[in-house]
Every structure is written in structure tokens, then in C-alpha cells.
$ cat entry.tsv   # TSV, C-alpha atoms and all ligand atoms
chain	number	residue	atom	x	y	z
A	3	MET	CA	-8.31	-1.99	34.15
A	4	ASN	CA	-5.82	-3.22	31.53
A	5	ALA	CA	-4.94	-0.87	28.70
A	6	LYS	CA	-6.25	-2.12	25.34
A	7	ALA	CA	-3.64	-4.06	23.31
A	8	ARG	CA	-2.23	-2.11	20.38
A	9	GLY	CA	-3.76	-2.98	17.01
A	10	ARG	CA	-1.90	-4.25	13.94
A	11	PHE	CA	-0.92	-2.30	10.85
A	12	ILE	CA	-1.31	-4.30	7.63
A	13	THR	CA	-0.59	-2.85	4.20
A	14	PHE	CA	-1.45	-3.97	0.67
A	15	GLU	CA	0.81	-3.19	-2.26
A	16	GLY	CA	1.18	-3.98	-5.94
A	17	ILE	CA	0.89	-2.43	-9.38
A	18	ASP	CA	-2.43	-0.94	-10.50
A	19	GLY	CA	-4.93	-3.65	-11.44
A	20	ALA	CA	-3.48	-6.30	-9.10
A	21	GLY	CA	-6.80	-6.83	-7.29
A	22	LYS	CA	-5.99	-5.41	-3.83
A	23	SER	CA	-9.37	-3.79	-3.13
A	24	THR	CA	-11.36	-7.03	-3.30
A	25	GLN	CA	-8.97	-8.73	-0.90
A	26	ILE	CA	-8.90	-5.83	1.57
A	27	ALA	CA	-12.70	-5.97	1.76
A	28	LEU	CA	-12.66	-9.75	2.28
A	29	LEU	CA	-10.03	-9.55	5.01
A	30	ALA	CA	-11.86	-6.72	6.79
A	31	ASP	CA	-15.03	-8.88	6.88
A	32	ALA	CA	-13.10	-11.93	8.10
A	33	LEU	CA	-11.39	-9.99	10.89
A	34	ARG	CA	-14.63	-8.35	11.99
A	35	ALA	CA	-16.28	-11.77	12.11
A	36	ARG	CA	-13.52	-12.74	14.54
A	37	GLY	CA	-14.40	-9.76	16.73
A	38	ARG	CA	-11.57	-7.45	15.67
A	39	GLU	CA	-12.13	-3.76	15.26
A	40	VAL	CA	-10.99	-2.89	11.73
A	41	LEU	CA	-10.21	0.39	10.03
A	42	ARG	CA	-9.87	0.42	6.24
A	43	THR	CA	-7.96	3.28	4.71
A	44	ARG	CA	-5.86	4.18	1.66
A	45	GLU	CA	-2.94	6.19	0.36
A	46	PRO	CA	-2.61	8.72	-0.96
A	47	GLY	CA	-5.64	9.79	1.06
A	48	GLY	CA	-7.22	8.67	4.32
A	49	THR	CA	-7.72	12.21	5.68
A	50	GLU	CA	-9.50	15.27	4.33
A	51	LEU	CA	-6.19	16.89	3.38
A	52	GLY	CA	-4.84	13.57	2.10
A	53	GLU	CA	-7.79	13.14	-0.25
A	54	LYS	CA	-7.21	16.66	-1.63
A	55	LEU	CA	-3.55	15.80	-2.19
A	56	ARG	CA	-4.65	12.54	-3.85
A	57	GLU	CA	-6.69	14.49	-6.36
A	58	LEU	CA	-3.63	16.60	-7.24
A	59	LEU	CA	-1.29	13.62	-7.34
A	60	LEU	CA	-3.51	11.53	-9.59
A	61	GLY	CA	-4.46	14.37	-11.91
A	62	THR	CA	-1.51	16.73	-12.31
A	63	ASP	CA	1.89	16.14	-13.91
A	64	MET	CA	4.75	17.11	-11.59
A	65	HIS	CA	8.45	16.58	-10.90
A	66	PRO	CA	9.24	13.24	-9.18
A	67	ASP	CA	10.61	15.15	-6.14
A	68	THR	CA	7.33	17.06	-5.81
A	69	GLU	CA	5.40	13.84	-6.20
A	70	ALA	CA	7.39	12.13	-3.42
A	71	MET	CA	7.10	15.10	-1.06
A	72	LEU	CA	3.34	15.30	-1.55
A	73	MET	CA	2.98	11.53	-1.00
A	74	PHE	CA	4.88	11.84	2.26
A	75	ALA	CA	3.01	15.01	3.27
A	76	ALA	CA	-0.28	13.12	2.89
A	77	ARG	CA	1.27	10.21	4.80
A	78	ARG	CA	2.36	12.45	7.69
A	79	GLU	CA	-1.27	13.53	8.16
A	80	HIS	CA	-2.55	10.01	7.71
A	81	ILE	CA	-0.26	8.58	10.42
A	82	ALA	CA	-0.92	11.39	12.91
A	83	ALA	CA	-4.68	11.73	12.44
A	84	VAL	CA	-5.80	8.21	11.55
A	85	ILE	CA	-3.30	5.35	11.73
A	86	GLU	CA	-1.63	6.03	15.11
A	87	PRO	CA	-4.84	6.82	17.01
A	88	ALA	CA	-6.56	3.72	15.60
A	89	LEU	CA	-3.64	1.43	16.49
A	90	ALA	CA	-3.45	2.93	19.97
A	91	ALA	CA	-7.18	2.26	20.42
A	92	GLY	CA	-6.64	-1.42	19.51
A	93	ALA	CA	-7.99	-1.38	15.93
A	94	TRP	CA	-6.41	-3.31	13.08
A	95	VAL	CA	-5.61	-0.87	10.32
A	96	LEU	CA	-5.75	-2.17	6.73
A	97	SER	CA	-4.17	0.34	4.37
A	98	ASP	CA	-4.37	0.17	0.60
A	99	ARG	CA	-0.71	1.25	0.04
A	100	PHE	CA	1.87	2.94	2.29
A	101	SER	CA	5.55	3.96	1.95
A	102	ASP	CA	6.57	0.91	-0.10
A	103	ALA	CA	4.46	2.44	-2.89
A	104	THR	CA	6.64	5.56	-2.92
A	105	HIS	CA	9.79	3.42	-3.18
A	106	ALA	CA	8.23	1.36	-5.99
A	107	TYR	CA	6.43	4.08	-8.00
A	108	GLN	CA	8.52	7.20	-7.46
A	109	VAL	CA	11.98	5.57	-7.20
A	110	GLY	CA	11.41	2.49	-9.38
A	111	GLY	CA	8.92	4.01	-11.80
A	112	HIS	CA	9.74	7.72	-12.01
A	113	GLY	CA	13.47	7.69	-11.24
A	114	LEU	CA	13.47	9.53	-7.90
A	115	ALA	CA	16.83	9.16	-6.12
A	116	ALA	CA	16.46	6.31	-3.61
A	117	ALA	CA	18.35	8.33	-0.97
A	118	ARG	CA	15.70	11.07	-1.17
A	119	CYS	CA	12.91	8.57	-0.61
A	120	ASP	CA	14.83	7.04	2.32
A	121	ALA	CA	15.36	10.52	3.81
A	122	LEU	CA	11.66	11.40	3.54
A	123	GLU	CA	10.70	8.11	5.14
A	124	ALA	CA	13.20	8.64	7.99
A	125	TRP	CA	11.71	12.10	8.53
A	126	VAL	CA	8.03	11.17	8.38
A	127	HIS	CA	7.95	7.85	10.21
A	128	PRO	CA	11.26	6.93	11.86
A	129	GLY	CA	11.04	3.50	13.48
A	130	PHE	CA	7.46	2.94	12.30
A	131	ALA	CA	6.60	0.30	9.69
A	132	PRO	CA	3.71	-2.03	8.85
A	133	ASP	CA	3.50	-5.22	10.91
A	134	LEU	CA	2.75	-7.13	7.72
A	135	THR	CA	2.69	-6.21	4.03
A	136	PHE	CA	1.01	-8.20	1.27
A	137	LEU	CA	2.56	-7.68	-2.15
A	138	PHE	CA	0.13	-8.58	-4.93
A	139	ASP	CA	2.45	-9.70	-7.68
A	140	ILE	CA	1.12	-9.82	-11.24
A	141	PRO	CA	2.61	-9.39	-14.73
A	142	PRO	CA	1.86	-5.87	-16.05
A	143	GLU	CA	0.02	-7.28	-19.08
A	144	SER	CA	-2.47	-9.17	-16.85
A	145	ALA	CA	-3.00	-6.09	-14.67
A	146	ALA	CA	-3.55	-3.91	-17.76
A	147	ALA	CA	-6.21	-6.33	-19.02
A	148	ARG	CA	-8.03	-6.09	-15.69
A	149	LEU	CA	-7.89	-2.28	-15.70
A	150	ALA	CA	-9.22	-2.19	-19.26
A	151	ALA	CA	-12.13	-4.46	-18.25
A	152	ALA	CA	-12.97	-2.14	-15.31
A	153	GLU	CA	-14.02	0.61	-17.76
A	154	THR	CA	-13.22	3.47	-15.37
A	155	ALA	CA	-11.25	6.45	-16.68
A	156	PRO	CA	-7.53	5.79	-16.03
A	157	ASP	CA	-5.68	8.23	-13.71
A	158	ARG	CA	-2.20	9.67	-14.37
A	159	PHE	CA	-0.45	6.53	-13.05
A	160	GLU	CA	-2.75	4.06	-14.77
A	161	ARG	CA	-1.99	5.74	-18.11
A	162	GLU	CA	1.72	4.87	-17.78
A	163	GLN	CA	3.24	2.43	-20.27
A	164	ARG	CA	4.01	-1.23	-19.70
A	165	ASP	CA	7.72	-0.67	-19.00
A	166	PHE	CA	6.84	1.74	-16.15
A	167	PHE	CA	4.84	-1.03	-14.44
A	168	THR	CA	7.62	-3.53	-15.07
A	169	ARG	CA	10.01	-1.22	-13.19
A	170	VAL	CA	7.49	-0.68	-10.38
A	171	ARG	CA	6.94	-4.43	-10.07
A	172	THR	CA	10.71	-5.08	-9.95
A	173	ALA	CA	11.18	-2.40	-7.28
A	174	TYR	CA	8.41	-3.96	-5.15
A	175	LEU	CA	9.90	-7.45	-5.49
A	176	ASP	CA	13.41	-6.20	-4.59
A	177	ARG	CA	12.02	-4.53	-1.49
A	178	ALA	CA	10.03	-7.62	-0.50
A	179	ARG	CA	13.11	-9.82	-0.83
A	180	ARG	CA	15.12	-7.48	1.37
A	181	GLU	CA	12.49	-7.62	4.14
A	182	PRO	CA	11.14	-11.17	4.09
A	183	ALA	CA	9.85	-11.06	7.67
A	184	ARG	CA	7.46	-8.21	6.87
A	185	PHE	CA	6.41	-9.07	3.31
A	186	ARG	CA	4.26	-11.86	1.91
A	187	ILE	CA	4.41	-12.07	-1.88
A	188	LEU	CA	1.10	-13.25	-3.34
A	189	ASP	CA	0.61	-14.55	-6.86
A	190	ALA	CA	-2.23	-12.17	-7.78
A	191	THR	CA	-3.13	-14.05	-10.97
A	192	ARG	CA	-4.85	-16.76	-8.89
A	193	GLU	CA	-8.56	-16.93	-8.09
A	194	ALA	CA	-9.83	-14.48	-5.46
A	195	LYS	CA	-10.76	-17.20	-2.99
A	196	THR	CA	-7.30	-18.81	-3.22
A	197	ILE	CA	-5.65	-15.45	-2.53
A	198	ALA	CA	-8.02	-14.76	0.38
A	199	ALA	CA	-7.10	-18.13	1.93
A	200	ALA	CA	-3.38	-17.34	1.59
A	201	ILE	CA	-3.90	-13.98	3.30
A	202	THR	CA	-5.83	-15.49	6.22
A	203	ALA	CA	-3.17	-18.20	6.58
A	204	SER	CA	-0.40	-15.59	6.80
A	205	ILE	CA	-2.29	-13.75	9.51
A	206	ASP	CA	-2.96	-16.96	11.45
A	207	GLU	CA	0.73	-17.85	11.17
A	208	LYS	CA	1.57	-14.70	13.12
A	209	ALA	CA	-0.55	-15.93	16.08
A	210	TRP	CA	-1.27	-12.34	17.07
A	211	GLN	CA	-3.43	-11.94	20.16
A	301	LIG	P1	-4.70	3.35	-5.93
A	301	LIG	O1	-5.30	3.54	-7.29
A	301	LIG	O2	-4.17	1.98	-5.68
A	301	LIG	O3	-5.55	3.87	-4.82
A	301	LIG	O4	-3.37	4.26	-5.89
A	301	LIG	C1	-3.30	5.49	-6.45
A	301	LIG	C2	-2.10	5.64	-7.33
A	301	LIG	O5	-1.07	6.34	-6.63
A	301	LIG	C3	-1.50	4.33	-7.82
A	301	LIG	O6	-1.33	4.43	-9.21
A	301	LIG	C4	-0.15	4.28	-7.15
A	301	LIG	C5	0.17	5.72	-6.85
A	301	LIG	N1	1.02	5.91	-5.66
A	301	LIG	C6	2.32	6.35	-5.82
A	301	LIG	O7	2.77	6.56	-6.94
A	301	LIG	N2	3.08	6.55	-4.71
A	301	LIG	C7	2.62	6.36	-3.44
A	301	LIG	O8	3.35	6.55	-2.46
A	301	LIG	C8	1.25	5.91	-3.28
A	301	LIG	C9	0.70	5.71	-1.90
A	301	LIG	C10	0.49	5.71	-4.42
$ encode --input "entry.tsv" --output "C-alpha cells" --more "lines below"
Ligand code: TMP
Amino acid sequence: MNAKARGRFITFEGIDGAGKSTQIALLADALRARGREVLRTREPGGTELGEKLRELLLGTDMHPDTEAMLMFAARREHIAAVIEPALAAGAWVLSDRFSDATHAYQVGGHGLAAARCDALEAWVHPGFAPDLTFLFDIPPESAAARLAAAETAPDRFEREQRDFFTRVRTAYLDRARREPARFRILDATREAKTIAAAITASIDEKAWQ
């Protein structure tokens, strides 16, 4: 019997309020309709320990080094307990954020030294990266308007000022431009169905079996 083909690891990034969740749900449905096994997950989180760390990270002020180490600690668990086993079993893993978020938020937004973030990444997942990353690009003022309309209590990151999100957005775009083969930059101000079509087209373009 042939071993099952390894799944694909697809990540979704962007500033808060960019509209990732809707698109992850749509893509999961579309892939399942095509007969793929799909696992939806998120960071920080995705495991029992990861969700506890998420609560701390989103609710408690801390030094940027602490923040980065906790993000990568949650990620270490997430890869070992959820992502790797699912990929090995042939599932497609859709993750709402991964390491690019630490580079954008902690380095770009909170001033963590880039070398520290690189070192943590090299420790936690050397040689492992998403197969494809969608960057939902949106001006911070449009994202803020969406968050305000959502009427949920903002977490520690969502309470940050406009210039924080401008720095995060710039860091994401710099990263995407350095790795064009992995990233697809999406104009997240467009209608949901237009964005969903662009996502499906990018996946089809890969011609993955
Ligand atoms: P979410 O609201 O998109 O689920 O993400 C939770 C928050 O955590 C969001 O504001 C971005 C932030 N975050 C980081 O600052 N660094 C990271 O590495 C990750 C994964 C998330």
C-alpha cells in the first residue's frame, strides 16, 4: 500500500481586522468539497497549552522578548502536537497566523531585535515553513473600522494605536517581498467573494496533487 501523500501547510497573515477568518472558513469548505481532509487551527493557540498561553499573551503586558518567547513556545507545541502529525497524515492545515506574525508584530510592532526572532525561529522550526502564505493587506484605518463594527472587546494587540499597525503592515509587506514564491499578497479591502476567488486561483496555480 502506498503511504499517504503529505498534506500542505497554508498560513493566513495580516493586521487585526483584515478579514482572515471569513476566508479561512470559505477555503476550508472549498477544499473539503474537493475531497481534501482539512484541519483549521490558529496561533497563538491550537493546543491546550497554546490556548492558555494565548490568554496570557492577549491579556497581560510583558517585555517584547517575553512575548516572542511565549509565541514560539506555543508554536513549538503546535507544530509537534498538531501541525506535523496532521501533515504526515495527509491533511491540509490552514493556520490563522504562524511565525511571520512574530516577525511582523514583535519585531515590526514592538521593536524586538530581528536577530532574536530569527534565532527563535531557527531553534523552533529549522527548515520548516508554510507551503503558501496569504497576506491580507489593508490600510490600518480600514481594519480599525471593521474591528469597531465587530463590537467585541478589543484585546491587548487590538488596542494598539494606528502607527503600531502601520509598522506591522510594513514588516509583513517587506517579508512578503523577500519571499515572493511563498507569499501571495491580497488586497483585503475587496469584496469577500473576490478575495475567495483569488485564494482558490493561487491554490490551483500550484497544481498540488
Ligand atoms: P488573532 O486575533 O488574529 O487570532 O491573533 C491574536 C493576536 O496575537 C493578534 O493581535 C496578533 C498577535 N500575534 C502576535 O503578536 N505574534 C504572533 O506570533 C502571533 C501568532 C499573533
$ residues_near_ligand --input "entry.tsv" --ligand "ligand LIG 301 (chain A)" --cutoff "7 Å" --atoms "only C-alpha atoms and all ligand atoms" --output "VMD selection string"
chain A and resid 18 44 to 46 60 70 73 98 to 104 107 to 108 159 to 160
$ atom_distance --input "entry.tsv" --atom1 "atom CA of Leu55 of chain A" --atom2 "atom CA of Arg78 of chain A"
12.0 Å
$ residues_around --input "entry.tsv" --residues "Glu57 of chain A" --least-positions-apart "5" --cutoff "10 Å" --atoms "all atoms listed in the file" --output "PyMOL selection string"
chain A and resi 46-47+52+62+157
$ write_last_selection --input "entry.tsv" --atoms "C-alpha atoms" --output "PDB file, in the coordinates of the input"
ATOM      1  CA  PRO A  46      -2.610   8.720  -0.960  1.00  0.00           C
ATOM      2  CA  GLY A  47      -5.640   9.790   1.060  1.00  0.00           C
ATOM      3  CA  GLY A  52      -4.840  13.570   2.100  1.00  0.00           C
ATOM      4  CA  THR A  62      -1.510  16.730 -12.310  1.00  0.00           C
ATOM      5  CA  ASP A 157      -5.680   8.230 -13.710  1.00  0.00           C
TER       6      ASP A 157
END
$ atom_distance --input "entry.tsv" --atom1 "atom CA of Val40 of chain A" --atom2 "atom CA of Gly9 of chain A"
9.0 Å
$ atom_distance --input "entry.tsv" --atom1 "atom CA of Arg77 of chain A" --atom2 "atom CA of Ile187 of chain A"
23.5 Å
$ decode --input "entry.tsv" --residues "segment 33-180 of chain A" --atoms "C-alpha atoms" --output "PDB file, in the first residue's frame"
ATOM      1  CA  LEU A  33     -11.123  22.156  -0.092  1.00  0.00           C
ATOM      2  CA  ARG A  34     -13.404  19.714   1.721  1.00  0.00           C
ATOM      3  CA  ALA A  35     -15.803  19.840  -1.227  1.00  0.00           C
ATOM      4  CA  ARG A  36     -12.860  18.718  -3.356  1.00  0.00           C
ATOM      5  CA  GLY A  37     -12.309  15.755  -1.047  1.00  0.00           C
ATOM      6  CA  ARG A  38      -9.357  17.125   0.921  1.00  0.00           C
ATOM      7  CA  GLU A  39      -9.005  16.496   4.598  1.00  0.00           C
ATOM      8  CA  VAL A  40      -8.657  19.915   6.251  1.00  0.00           C
ATOM      9  CA  LEU A  41      -7.515  20.989   9.684  1.00  0.00           C
ATOM     10  CA  ARG A  42      -8.202  24.578  10.766  1.00  0.00           C
ATOM     11  CA  THR A  43      -6.078  25.960  13.551  1.00  0.00           C
ATOM     12  CA  ARG A  44      -4.700  29.238  14.906  1.00  0.00           C
ATOM     13  CA  GLU A  45      -1.802  30.935  16.646  1.00  0.00           C
ATOM     14  CA  PRO A  46      -1.182  31.684  19.345  1.00  0.00           C
ATOM     15  CA  GLY A  47      -3.176  28.605  20.309  1.00  0.00           C
ATOM     16  CA  GLY A  48      -4.066  25.347  18.589  1.00  0.00           C
ATOM     17  CA  THR A  49      -3.242  23.141  21.598  1.00  0.00           C
ATOM     18  CA  GLU A  50      -4.437  23.107  25.191  1.00  0.00           C
ATOM     19  CA  LEU A  51      -1.194  24.691  26.385  1.00  0.00           C
ATOM     20  CA  GLY A  52      -1.154  27.060  23.398  1.00  0.00           C
ATOM     21  CA  GLU A  53      -4.629  28.349  24.231  1.00  0.00           C
ATOM     22  CA  LYS A  54      -3.523  29.018  27.835  1.00  0.00           C
ATOM     23  CA  LEU A  55      -0.501  30.915  26.520  1.00  0.00           C
ATOM     24  CA  ARG A  56      -2.827  32.816  24.158  1.00  0.00           C
ATOM     25  CA  GLU A  57      -4.868  34.020  27.093  1.00  0.00           C
ATOM     26  CA  LEU A  58      -1.709  35.345  28.773  1.00  0.00           C
ATOM     27  CA  LEU A  59      -0.350  36.875  25.580  1.00  0.00           C
ATOM     28  CA  LEU A  60      -3.557  38.685  24.686  1.00  0.00           C
ATOM     29  CA  GLY A  61      -4.298  39.868  28.214  1.00  0.00           C
ATOM     30  CA  THR A  62      -1.047  40.667  30.005  1.00  0.00           C
ATOM     31  CA  ASP A  63       1.526  43.375  29.298  1.00  0.00           C
ATOM     32  CA  MET A  64       5.049  41.962  29.005  1.00  0.00           C
ATOM     33  CA  HIS A  65       8.523  42.650  27.628  1.00  0.00           C
ATOM     34  CA  PRO A  66       8.830  42.082  23.841  1.00  0.00           C
ATOM     35  CA  ASP A  67      11.412  39.306  24.486  1.00  0.00           C
ATOM     36  CA  THR A  68       8.959  37.503  26.786  1.00  0.00           C
ATOM     37  CA  GLU A  69       6.217  37.953  24.225  1.00  0.00           C
ATOM     38  CA  ALA A  70       8.345  36.437  21.444  1.00  0.00           C
ATOM     39  CA  MET A  71       9.489  33.513  23.586  1.00  0.00           C
ATOM     40  CA  LEU A  72       5.921  32.682  24.601  1.00  0.00           C
ATOM     41  CA  MET A  73       4.740  32.913  20.974  1.00  0.00           C
ATOM     42  CA  PHE A  74       7.451  30.465  19.957  1.00  0.00           C
ATOM     43  CA  ALA A  75       6.814  28.218  22.970  1.00  0.00           C
ATOM     44  CA  ALA A  76       3.161  27.921  21.913  1.00  0.00           C
ATOM     45  CA  ARG A  77       4.340  27.322  18.337  1.00  0.00           C
ATOM     46  CA  ARG A  78       6.703  24.526  19.391  1.00  0.00           C
ATOM     47  CA  GLU A  79       3.751  22.669  20.927  1.00  0.00           C
ATOM     48  CA  HIS A  80       1.516  23.450  17.990  1.00  0.00           C
ATOM     49  CA  ILE A  81       3.977  22.037  15.437  1.00  0.00           C
ATOM     50  CA  ALA A  82       4.763  18.901  17.453  1.00  0.00           C
ATOM     51  CA  ALA A  83       1.246  18.029  18.597  1.00  0.00           C
ATOM     52  CA  VAL A  84      -0.962  19.277  15.766  1.00  0.00           C
ATOM     53  CA  ILE A  85       0.653  20.562  12.570  1.00  0.00           C
ATOM     54  CA  GLU A  86       3.274  17.853  11.905  1.00  0.00           C
ATOM     55  CA  PRO A  87       1.012  14.881  12.678  1.00  0.00           C
ATOM     56  CA  ALA A  88      -1.777  16.314  10.503  1.00  0.00           C
ATOM     57  CA  LEU A  89       0.563  16.967   7.556  1.00  0.00           C
ATOM     58  CA  ALA A  90       2.052  13.493   7.905  1.00  0.00           C
ATOM     59  CA  ALA A  91      -1.467  12.016   7.826  1.00  0.00           C
ATOM     60  CA  GLY A  92      -2.174  13.853   4.544  1.00  0.00           C
ATOM     61  CA  ALA A  93      -4.362  16.692   5.877  1.00  0.00           C
ATOM     62  CA  TRP A  94      -4.164  20.256   4.618  1.00  0.00           C
ATOM     63  CA  VAL A  95      -3.503  22.509   7.576  1.00  0.00           C
ATOM     64  CA  LEU A  96      -4.923  26.050   7.444  1.00  0.00           C
ATOM     65  CA  SER A  97      -3.431  28.169  10.201  1.00  0.00           C
ATOM     66  CA  ASP A  98      -4.652  31.604  11.190  1.00  0.00           C
ATOM     67  CA  ARG A  99      -1.126  33.063  11.694  1.00  0.00           C
ATOM     68  CA  PHE A 100       2.316  31.461  12.151  1.00  0.00           C
ATOM     69  CA  SER A 101       5.902  32.743  12.530  1.00  0.00           C
ATOM     70  CA  ASP A 102       5.505  35.643  10.084  1.00  0.00           C
ATOM     71  CA  ALA A 103       3.212  37.171  12.729  1.00  0.00           C
ATOM     72  CA  THR A 104       6.051  37.215  15.269  1.00  0.00           C
ATOM     73  CA  HIS A 105       8.333  38.957  12.764  1.00  0.00           C
ATOM     74  CA  ALA A 106       5.604  41.498  11.942  1.00  0.00           C
ATOM     75  CA  TYR A 107       4.117  42.136  15.415  1.00  0.00           C
ATOM     76  CA  GLN A 108       7.024  41.625  17.802  1.00  0.00           C
ATOM     77  CA  VAL A 109       9.871  42.877  15.564  1.00  0.00           C
ATOM     78  CA  GLY A 110       7.956  45.395  13.416  1.00  0.00           C
ATOM     79  CA  GLY A 111       5.400  46.456  16.010  1.00  0.00           C
ATOM     80  CA  HIS A 112       7.091  46.088  19.402  1.00  0.00           C
ATOM     81  CA  GLY A 113      10.744  46.599  18.468  1.00  0.00           C
ATOM     82  CA  LEU A 114      12.112  43.113  19.213  1.00  0.00           C
ATOM     83  CA  ALA A 115      15.603  42.663  17.725  1.00  0.00           C
ATOM     84  CA  ALA A 116      15.173  40.876  14.381  1.00  0.00           C
ATOM     85  CA  ALA A 117      18.160  38.619  15.151  1.00  0.00           C
ATOM     86  CA  ARG A 118      16.369  37.315  18.263  1.00  0.00           C
ATOM     87  CA  CYS A 119      13.271  36.455  16.269  1.00  0.00           C
ATOM     88  CA  ASP A 120      15.419  34.738  13.615  1.00  0.00           C
ATOM     89  CA  ALA A 121      17.227  32.763  16.341  1.00  0.00           C
ATOM     90  CA  LEU A 122      13.952  31.600  17.922  1.00  0.00           C
ATOM     91  CA  GLU A 123      12.619  30.556  14.541  1.00  0.00           C
ATOM     92  CA  ALA A 124      15.834  28.642  13.749  1.00  0.00           C
ATOM     93  CA  TRP A 125      15.506  26.876  17.104  1.00  0.00           C
ATOM     94  CA  VAL A 126      11.809  26.024  16.950  1.00  0.00           C
ATOM     95  CA  HIS A 127      11.344  25.062  13.310  1.00  0.00           C
ATOM     96  CA  PRO A 128      14.611  24.836  11.351  1.00  0.00           C
ATOM     97  CA  GLY A 129      13.923  24.048   7.701  1.00  0.00           C
ATOM     98  CA  PHE A 130      10.150  24.095   8.177  1.00  0.00           C
ATOM     99  CA  ALA A 131       7.959  26.795   6.629  1.00  0.00           C
ATOM    100  CA  PRO A 132       4.445  27.150   5.217  1.00  0.00           C
ATOM    101  CA  ASP A 133       3.950  25.911   1.655  1.00  0.00           C
ATOM    102  CA  LEU A 134       1.912  29.025   0.941  1.00  0.00           C
ATOM    103  CA  THR A 135       1.120  32.188   2.903  1.00  0.00           C
ATOM    104  CA  PHE A 136      -1.694  34.619   2.160  1.00  0.00           C
ATOM    105  CA  LEU A 137      -1.026  38.149   3.366  1.00  0.00           C
ATOM    106  CA  PHE A 138      -4.254  40.115   3.789  1.00  0.00           C
ATOM    107  CA  ASP A 139      -3.122  43.646   3.126  1.00  0.00           C
ATOM    108  CA  ILE A 140      -5.328  46.508   4.300  1.00  0.00           C
ATOM    109  CA  PRO A 141      -4.757  50.099   5.462  1.00  0.00           C
ATOM    110  CA  PRO A 142      -4.871  50.277   9.292  1.00  0.00           C
ATOM    111  CA  GLU A 143      -7.757  52.774   9.199  1.00  0.00           C
ATOM    112  CA  SER A 144      -9.973  50.346   7.217  1.00  0.00           C
ATOM    113  CA  ALA A 145      -9.073  47.479   9.560  1.00  0.00           C
ATOM    114  CA  ALA A 146      -9.825  49.646  12.615  1.00  0.00           C
ATOM    115  CA  ALA A 147     -13.269  50.481  11.214  1.00  0.00           C
ATOM    116  CA  ARG A 148     -14.010  46.771  10.785  1.00  0.00           C
ATOM    117  CA  LEU A 149     -12.881  45.969  14.339  1.00  0.00           C
ATOM    118  CA  ALA A 150     -15.030  48.788  15.710  1.00  0.00           C
ATOM    119  CA  ALA A 151     -18.062  47.424  13.821  1.00  0.00           C
ATOM    120  CA  ALA A 152     -17.453  43.925  15.282  1.00  0.00           C
ATOM    121  CA  GLU A 153     -18.348  45.217  18.773  1.00  0.00           C
ATOM    122  CA  THR A 154     -16.222  42.638  20.612  1.00  0.00           C
ATOM    123  CA  ALA A 155     -13.945  43.813  23.426  1.00  0.00           C
ATOM    124  CA  PRO A 156     -10.503  44.575  21.934  1.00  0.00           C
ATOM    125  CA  ASP A 157      -7.528  42.504  23.207  1.00  0.00           C
ATOM    126  CA  ARG A 158      -4.089  43.916  24.116  1.00  0.00           C
ATOM    127  CA  PHE A 159      -2.948  43.986  20.461  1.00  0.00           C
ATOM    128  CA  GLU A 160      -6.196  45.364  19.066  1.00  0.00           C
ATOM    129  CA  ARG A 161      -5.928  48.304  21.491  1.00  0.00           C
ATOM    130  CA  GLU A 162      -2.631  49.402  19.899  1.00  0.00           C
ATOM    131  CA  GLN A 163      -2.522  52.737  18.068  1.00  0.00           C
ATOM    132  CA  ARG A 164      -2.628  53.290  14.322  1.00  0.00           C
ATOM    133  CA  ASP A 165       1.158  53.729  13.968  1.00  0.00           C
ATOM    134  CA  PHE A 166       1.724  50.285  15.546  1.00  0.00           C
ATOM    135  CA  PHE A 167      -0.409  48.681  12.805  1.00  0.00           C
ATOM    136  CA  THR A 168       1.346  50.734  10.143  1.00  0.00           C
ATOM    137  CA  ARG A 169       4.668  49.264  11.323  1.00  0.00           C
ATOM    138  CA  VAL A 170       3.214  45.737  11.458  1.00  0.00           C
ATOM    139  CA  ARG A 171       1.800  46.125   7.950  1.00  0.00           C
ATOM    140  CA  THR A 172       5.154  47.383   6.610  1.00  0.00           C
ATOM    141  CA  ALA A 173       7.007  44.482   8.251  1.00  0.00           C
ATOM    142  CA  TYR A 174       4.588  41.979   6.674  1.00  0.00           C
ATOM    143  CA  LEU A 175       4.958  43.563   3.228  1.00  0.00           C
ATOM    144  CA  ASP A 176       8.783  43.594   3.496  1.00  0.00           C
ATOM    145  CA  ARG A 177       8.751  39.920   4.396  1.00  0.00           C
ATOM    146  CA  ALA A 178       6.357  39.056   1.570  1.00  0.00           C
ATOM    147  CA  ARG A 179       8.544  40.860  -0.956  1.00  0.00           C
ATOM    148  CA  ARG A 180      11.611  38.969   0.225  1.00  0.00           C
TER     149      ARG A 180
END
